[in-house]
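Asker: File name run39.txt; file contents compact mmCIF, C-alpha atoms; full text below.
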# COMPACT_ATOMS: atom_id res chain seq x y z
CA MET O 1 33.85 89.61 147.28
CA TYR O 2 31.83 87.11 145.32
CA ILE O 3 29.31 88.23 142.77
CA ARG O 4 25.96 88.64 144.39
CA LYS O 5 23.88 88.09 141.29
CA HIS O 6 24.38 84.38 141.09
CA SER O 7 24.57 82.06 143.98
CA VAL O 8 27.99 80.59 143.77
CA ASN O 9 27.89 77.00 144.85
CA ARG O 10 31.50 76.11 145.05
CA PRO O 11 32.32 72.49 144.43
CA PRO O 12 34.87 70.96 146.80
CA THR O 13 37.62 71.17 144.19
CA PRO O 14 37.95 74.17 141.89
CA ASP O 15 36.14 73.69 138.67
CA GLU O 16 38.45 73.95 135.65
CA ASP O 17 35.67 73.63 133.18
CA VAL O 18 35.57 76.98 131.45
CA THR O 19 32.91 76.01 128.93
CA GLU O 20 29.61 77.63 129.68
CA SER O 21 26.84 75.57 131.23
CA PRO O 22 23.75 77.71 131.02
CA GLU O 23 21.44 75.19 132.71
CA ARG O 24 23.24 75.58 135.99
CA ASP O 25 23.10 78.93 137.64
CA GLU O 26 26.70 79.07 138.73
CA LEU O 27 29.84 80.58 137.43
CA THR O 28 32.97 78.63 136.78
CA LEU O 29 36.13 79.85 138.38
CA GLY O 30 37.42 80.87 134.99
CA GLU O 31 34.39 83.03 134.42
CA ILE O 32 34.73 84.62 137.81
CA ILE O 33 38.34 85.45 137.12
CA ASN O 34 37.40 86.94 133.81
CA ILE O 35 34.74 89.12 135.34
CA LYS O 36 37.12 90.33 138.01
CA LEU O 37 39.74 91.05 135.42
CA VAL O 38 37.35 93.13 133.40
CA GLU O 39 35.84 94.96 136.34
CA SER O 40 39.15 95.91 137.84
CA GLY O 41 40.48 97.12 134.51
CA GLU O 42 43.33 94.67 134.66
CA LYS O 43 42.11 92.88 131.55
CA GLU O 44 42.53 96.03 129.55
CA ASN O 45 46.00 96.61 130.99
CA LEU O 46 46.94 93.06 130.10
CA MET O 47 45.58 93.45 126.58
CA GLU O 48 47.65 96.55 126.06
CA LEU O 49 50.72 94.86 127.47
CA VAL O 50 50.29 91.82 125.25
CA ARG O 51 49.77 93.96 122.16
CA ASP O 52 52.86 96.06 122.86
CA ARG O 53 55.06 93.07 123.51
CA LEU O 54 53.87 91.17 120.48
CA VAL O 55 54.38 94.15 118.21
CA GLU O 56 57.87 94.96 119.42
CA SER O 57 58.99 91.37 119.16
CA GLY O 58 57.96 91.26 115.51
CA TRP O 59 55.31 88.65 116.16
CA LYS O 60 52.57 90.79 114.67
CA ASP O 61 54.56 91.31 111.49
CA GLU O 62 55.11 87.58 111.18
CA MET O 63 51.40 87.01 111.61
CA ARG O 64 50.60 89.60 108.96
CA ILE O 65 52.95 87.91 106.55
CA ALA O 66 51.27 84.58 107.29
CA CYS O 67 47.89 86.19 106.61
CA ARG O 68 49.10 87.59 103.32
CA GLU O 69 50.37 84.16 102.31
CA HIS O 70 47.00 82.68 103.04
CA VAL O 71 45.25 85.42 101.10
CA LYS O 72 47.51 84.81 98.13
CA LYS O 73 46.58 81.16 98.16
CA LYS O 74 42.87 81.56 98.60
CA GLY O 75 42.35 84.60 96.44
CA ARG O 76 41.58 88.07 97.71
CA LYS O 77 37.85 88.04 97.24
CA ASP O 78 37.11 84.69 98.82
CA VAL O 79 38.85 84.98 102.12
CA THR O 80 36.87 85.47 105.33
CA VAL O 81 37.95 86.66 108.75
CA ASP O 82 37.07 83.35 110.37
CA GLU O 83 39.11 81.50 107.84
CA LEU O 84 42.10 83.73 108.47
CA ILE O 85 41.79 83.34 112.21
CA ARG O 86 41.60 79.59 111.87
CA ALA O 87 44.59 79.61 109.57
CA ILE O 88 46.94 81.58 111.76
CA THR O 89 45.86 80.72 115.30
CA PRO O 90 47.95 77.55 115.73
CA LYS O 91 51.05 79.27 114.47
CA GLY O 92 50.22 82.42 116.42
CA ARG O 93 49.80 80.64 119.70
CA ALA O 94 52.97 78.65 119.20
CA SER O 95 55.17 81.52 118.14
CA VAL O 96 54.62 83.82 121.09
CA PRO O 97 58.08 84.51 122.51
CA ASP O 98 58.74 82.72 125.78
CA ALA O 99 59.69 85.90 127.58
CA VAL O 100 56.39 87.50 126.66
CA LYS O 101 54.46 84.45 127.74
CA GLU O 102 56.25 84.33 131.06
CA GLU O 103 55.73 87.99 131.74
CA LEU O 104 52.04 87.72 131.06
CA LEU O 105 51.51 84.54 133.02
CA ASP O 106 53.33 86.09 135.93
CA ARG O 107 51.05 89.07 135.99
CA ILE O 108 47.95 86.98 135.63
CA GLN O 109 48.97 84.67 138.43
CA ASN O 110 49.66 87.65 140.65
CA PHE O 111 46.24 88.94 139.91
CA ILE O 112 44.58 85.63 140.69
CA ARG O 113 46.46 85.37 143.94
CA SER O 114 45.67 88.91 144.96
CA ALA O 115 42.02 88.39 144.13
CA ALA O 116 42.11 86.06 147.10
CA LEU O 117 40.63 83.09 145.36
CA MET X 118 49.88 69.88 150.84
CA SER X 119 48.08 68.33 147.88
CA ASN X 120 45.45 70.98 148.20
CA ALA X 121 48.05 73.68 147.69
CA GLU X 122 49.42 71.80 144.72
CA ASP X 123 45.97 71.44 143.30
CA ASN X 124 45.45 75.10 143.81
CA LYS X 125 48.66 75.92 142.08
CA SER X 126 48.01 73.73 139.08
CA SER X 127 44.52 75.05 138.76
CA HIS X 128 45.90 78.54 139.04
CA ASP X 129 48.32 77.71 136.28
CA GLN X 130 45.57 76.38 134.15
CA LEU X 131 43.45 79.41 134.80
CA SER X 132 46.23 81.80 134.01
CA SER X 133 47.08 79.88 130.86
CA GLN X 134 43.49 80.14 129.85
CA VAL X 135 43.46 83.87 130.41
CA PHE X 136 46.70 84.21 128.51
CA LEU X 137 45.41 82.22 125.56
CA ASP X 138 42.30 84.30 125.58
CA LEU X 139 44.40 87.46 125.30
CA VAL X 140 46.54 86.04 122.52
CA ASP X 141 43.43 84.93 120.64
CA SER X 142 42.12 88.48 120.82
CA VAL X 143 45.29 89.85 119.29
CA ILE X 144 45.21 87.16 116.61
CA ALA X 145 41.65 88.11 115.78
CA ASP X 146 42.74 91.75 115.50
CA VAL X 147 45.53 90.88 113.11
CA ALA X 148 43.27 88.65 111.03
CA SER X 149 40.60 91.31 110.85
CA GLU X 150 43.13 93.93 109.78
CA CYS X 151 44.63 91.72 107.10
CA HIS X 152 41.21 90.71 105.88
CA ARG X 153 40.28 94.35 105.43
CA VAL X 154 43.49 95.12 103.59
CA ALA X 155 43.01 92.13 101.35
CA ARG X 156 39.40 92.87 100.49
CA LEU X 157 40.06 96.54 99.84
CA GLY X 158 43.03 95.76 97.66
CA LEU X 159 45.28 97.94 99.81
CA ASP X 160 48.01 95.36 99.69
CA ARG X 161 48.80 96.34 96.12
CA ASP X 162 50.47 99.43 97.50
CA LEU X 163 52.05 97.34 100.23
CA GLU X 164 53.81 95.23 97.63
CA VAL X 165 55.37 98.30 96.11
CA VAL X 166 56.46 99.48 99.53
CA GLU X 167 57.89 96.04 100.26
CA GLU X 168 59.87 96.12 97.06
CA GLU X 169 61.28 99.51 97.92
CA LEU X 170 62.12 98.32 101.42
CA ARG X 171 63.94 95.36 99.98
CA LEU X 172 65.89 97.57 97.63
CA SER X 173 66.84 99.92 100.42
CA VAL X 174 67.97 97.02 102.58
CA GLU X 175 70.07 95.74 99.70
CA ALA X 176 71.51 99.17 99.17
CA ARG X 177 72.35 99.50 102.81
CA ALA X 178 73.97 96.10 102.82
CA LYS X 179 76.04 97.02 99.82
CA VAL X 180 77.23 100.16 101.53
CA ALA X 181 78.01 98.34 104.73
CA ASP X 182 79.81 95.54 102.95
CA PRO X 183 83.54 96.13 103.42
CA SER X 184 84.50 93.95 100.47
CA ASN X 185 82.96 96.45 98.07
CA ASN X 186 85.31 98.86 96.40
CA LEU X 187 84.39 101.94 98.36
CA GLU X 188 86.83 104.34 96.76
CA THR X 189 84.62 104.73 93.79
CA ASN X 190 81.66 105.64 95.92
CA THR X 191 82.96 107.96 98.59
CA LYS X 192 82.41 111.09 96.59
CA TYR X 193 79.07 110.16 95.16
CA VAL X 194 76.04 109.95 97.40
CA VAL X 195 73.48 107.35 96.37
CA ASP X 196 69.92 108.45 96.98
CA ILE X 197 66.87 106.32 97.64
CA PHE X 198 66.22 105.77 93.95
CA GLY X 199 69.68 104.43 93.41
CA GLN X 200 70.86 107.48 91.52
CA SER X 201 74.22 108.96 92.29
CA HIS X 202 74.88 112.67 92.22
CA PRO X 203 78.28 114.32 91.72
CA PRO X 204 79.01 116.81 94.49
CA VAL X 205 78.92 119.75 92.06
CA ALA X 206 75.96 119.80 89.71
CA THR X 207 77.20 119.45 86.17
CA GLU X 208 74.21 120.44 84.05
CA VAL X 209 74.76 123.46 81.80
CA PHE X 210 72.02 125.94 80.99
CA ASN X 211 71.59 129.56 79.95
CA CYS X 212 71.51 132.31 82.54
CA MET X 213 68.23 134.17 82.24
CA ASN X 214 69.91 137.45 83.06
CA CYS X 215 72.88 137.60 80.77
CA GLY X 216 72.21 134.66 78.49
CA ARG X 217 75.52 132.95 78.97
CA GLN X 218 75.97 129.26 79.36
CA ILE X 219 76.50 128.49 83.02
CA VAL X 220 77.32 125.29 84.86
CA ALA X 221 74.55 124.71 87.40
CA GLY X 222 76.98 124.22 90.23
CA ARG X 223 78.49 127.63 89.56
CA PHE X 224 75.18 129.38 88.99
CA ALA X 225 74.84 131.01 92.38
CA PRO X 226 78.22 132.77 92.33
CA HIS X 227 77.56 133.73 88.76
CA LEU X 228 74.22 135.29 89.61
CA GLU X 229 75.79 137.24 92.43
CA ARG X 230 78.04 138.96 89.98
CA CYS X 231 75.58 138.94 87.13
CA MET X 232 72.82 140.72 89.03
CA GLY X 233 75.05 142.74 91.27
CA LYS X 234 73.75 141.26 94.50
CA GLY X 235 77.03 140.39 96.16
CA ARG X 236 79.03 142.86 98.21
CA LYS X 237 82.02 143.23 95.98
CA ALA X 238 79.99 142.89 92.80
CA ARG X 239 77.64 145.72 93.67
CA ALA X 240 80.42 147.94 94.90
CA LYS X 241 82.34 147.42 91.69
CA ALA X 242 79.20 147.81 89.61
CA THR X 243 78.15 151.06 91.23
CA ARG X 244 81.64 152.34 91.02
CA SER X 245 81.85 151.46 87.37
CA THR X 246 78.34 152.69 86.47
CA THR X 247 78.35 155.91 88.50
CA ALA X 248 81.87 156.63 87.42
CA SER X 249 81.13 156.06 83.80
CA GLN X 250 77.80 157.87 84.11
CA ASN X 251 79.56 160.86 85.52
CA ARG X 252 82.12 160.61 82.79
CA ASN X 253 79.55 160.23 80.07
CA SER X 254 76.91 162.66 81.23
CA ARG X 255 78.92 165.51 79.91
CA ARG X 256 79.14 163.92 76.51
CA SER X 257 75.97 163.71 74.54
CA THR X 258 76.71 160.46 72.67
CA SER X 259 73.89 158.01 73.32
CA ASP X 260 76.07 154.94 72.73
CA ASN X 261 78.26 155.62 75.68
CA ASN X 262 75.29 156.33 77.88
CA GLN X 263 73.69 153.15 76.93
CA LEU X 264 76.87 151.36 77.77
CA ALA X 265 77.08 153.03 81.11
CA SER X 266 73.48 152.57 82.13
CA GLY X 267 73.21 149.00 80.88
CA PRO X 268 73.16 146.01 83.19
CA PRO X 269 75.83 146.60 85.79
CA GLY X 270 77.19 143.18 85.15
CA PHE X 271 78.18 144.07 81.66
CA GLU X 272 80.89 146.42 82.68
CA GLU X 273 81.92 143.96 85.31
CA ASN X 274 82.12 141.12 82.84
CA VAL X 275 83.97 143.16 80.33
CA ARG X 276 86.50 144.07 82.95
CA ARG X 277 86.80 140.49 84.05
CA ALA X 278 87.14 139.21 80.53
In structure tokens, write the structure found in this file.
Answerer:
Amino acid sequence: MYIRKHSVNRPPTPDEDVTESPERDELTLGEIINIKLVESGEKENLMELVRDRLVESGWKDEMRIACREHVKKKGRKDVTVDELIRAITPKGRASVPDAVKEELLDRIQNFIRSAAL
Amino acid sequence: MSNAEDNKSSHDQLSSQVFLDLVDSVIADVASECHRVARLGLDRDLEVVEEELRLSVEARAKVADPSNNLETNTKYVVDIFGQSHPPVATEVFNCMNCGRQIVAGRFAPHLERCMGKGRKARAKATRSTTASQNRNSRRSTSDNNQLASGPPGFEENVRRA
């Protein structure tokens, strides 16, 4: 079940550190989960689910308005994608509807549990 | 017991991380889309569309508002440009067949009679023209013939007038 490419030396307690550590040849739990999500196709399903929910709840429209505000301030020609992302991410993360967040977390947790980790 | 709790909290953290990752992706999509619109100047059109949307929302609110005096508006439909049309078109113009001044709302019935397309109109017209043609064929006066073989509506209109 584990990836055969790298030797997975599991520490006694699960490693929450998701930041990459290229010197050590081991995958963090977060990375393993991510790989499993992608390989099973569940990541794509989740992405689609998130997108649908966020659109229908009006979250995407709110974000687009926020972007337009930012563009108006900074001027159309000067704005960069990174800048926009940085500008709206805090608000975006905070304004996800609770129901959507719960639904997604539920599915993710089910996946993690069923991946027998 | 603590192990299970640890597991659970780490699971929660992991799932939160995955969730945030997904949300960040969607945010990046939105930002990229808006960036493109901004740089291409496509939001100029968007502003116009927004204005129209706002106007339509206002219009809808006005219609839905019970305190408005609705009696004045029940007969007139307001279209998306805010213009109101009377149920029967009131513009007057000249019929291209007979040259008379016709109210637009009455143009279709007029044309039926004018061009002899309707049931009764044609029946009357043929009756009048064939009858008068038969009557006039014996005579050699050109005036009468012209009268008889003119536009069928003429006889009709004369009769009606």
Asker: So what do you get for atom CA of Asp82 of chain O versus atom CA of Ser142 of chain X, distance-wise?
Answerer: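 Distance reported for this atom pair: 12.7 Å.
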Asker: Quote the spacing between atom CA of Glu62 of chain O and atom CA of Cys151 of chain X in Å to one decimal place.
Answerer: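 Interatomic distance, atom CA of Glu62 of chain O to atom CA of Cys151 of chain X: 12.0 Å.
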Asker: Taking only C-alpha atoms into account, find every residue of chain X that has an atom no more than 12 Å from chain O, and write it out as a PyMOL selection string.
Answerer: chain X and resi 119-161+163-164+167
Asker: Just to confirm, what's the straight-line distance from atom CA of Cys231 of chain X to atom CA of Cys215 of chain X in Å (one decimal)?
Answerer: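 Between atom CA of Cys231 of chain X and atom CA of Cys215 of chain X the gap works out to 7.0 Å.
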Asker: Can you list, as a list in words, every protein, DNA or RNA residue that comes within 7 Å of segment 217-229 of chain X when you count only C-alpha atoms, leaving out same-chain residues fewer than 5 positions away?
Answerer: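 In the requested form, the answer reads Val205, Ala206, Thr207, Glu208, Val209, Phe210, Asn211, Cys212, Lys234 and Gly235 of chain X.
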Asker: Contacts of Ile197 of chain X at 9 Å or less, counting only C-alpha atoms, minus same-chain residues fewer than 4 places along, as number ranges by chain?
Answerer: X: 169, 172-173, 176
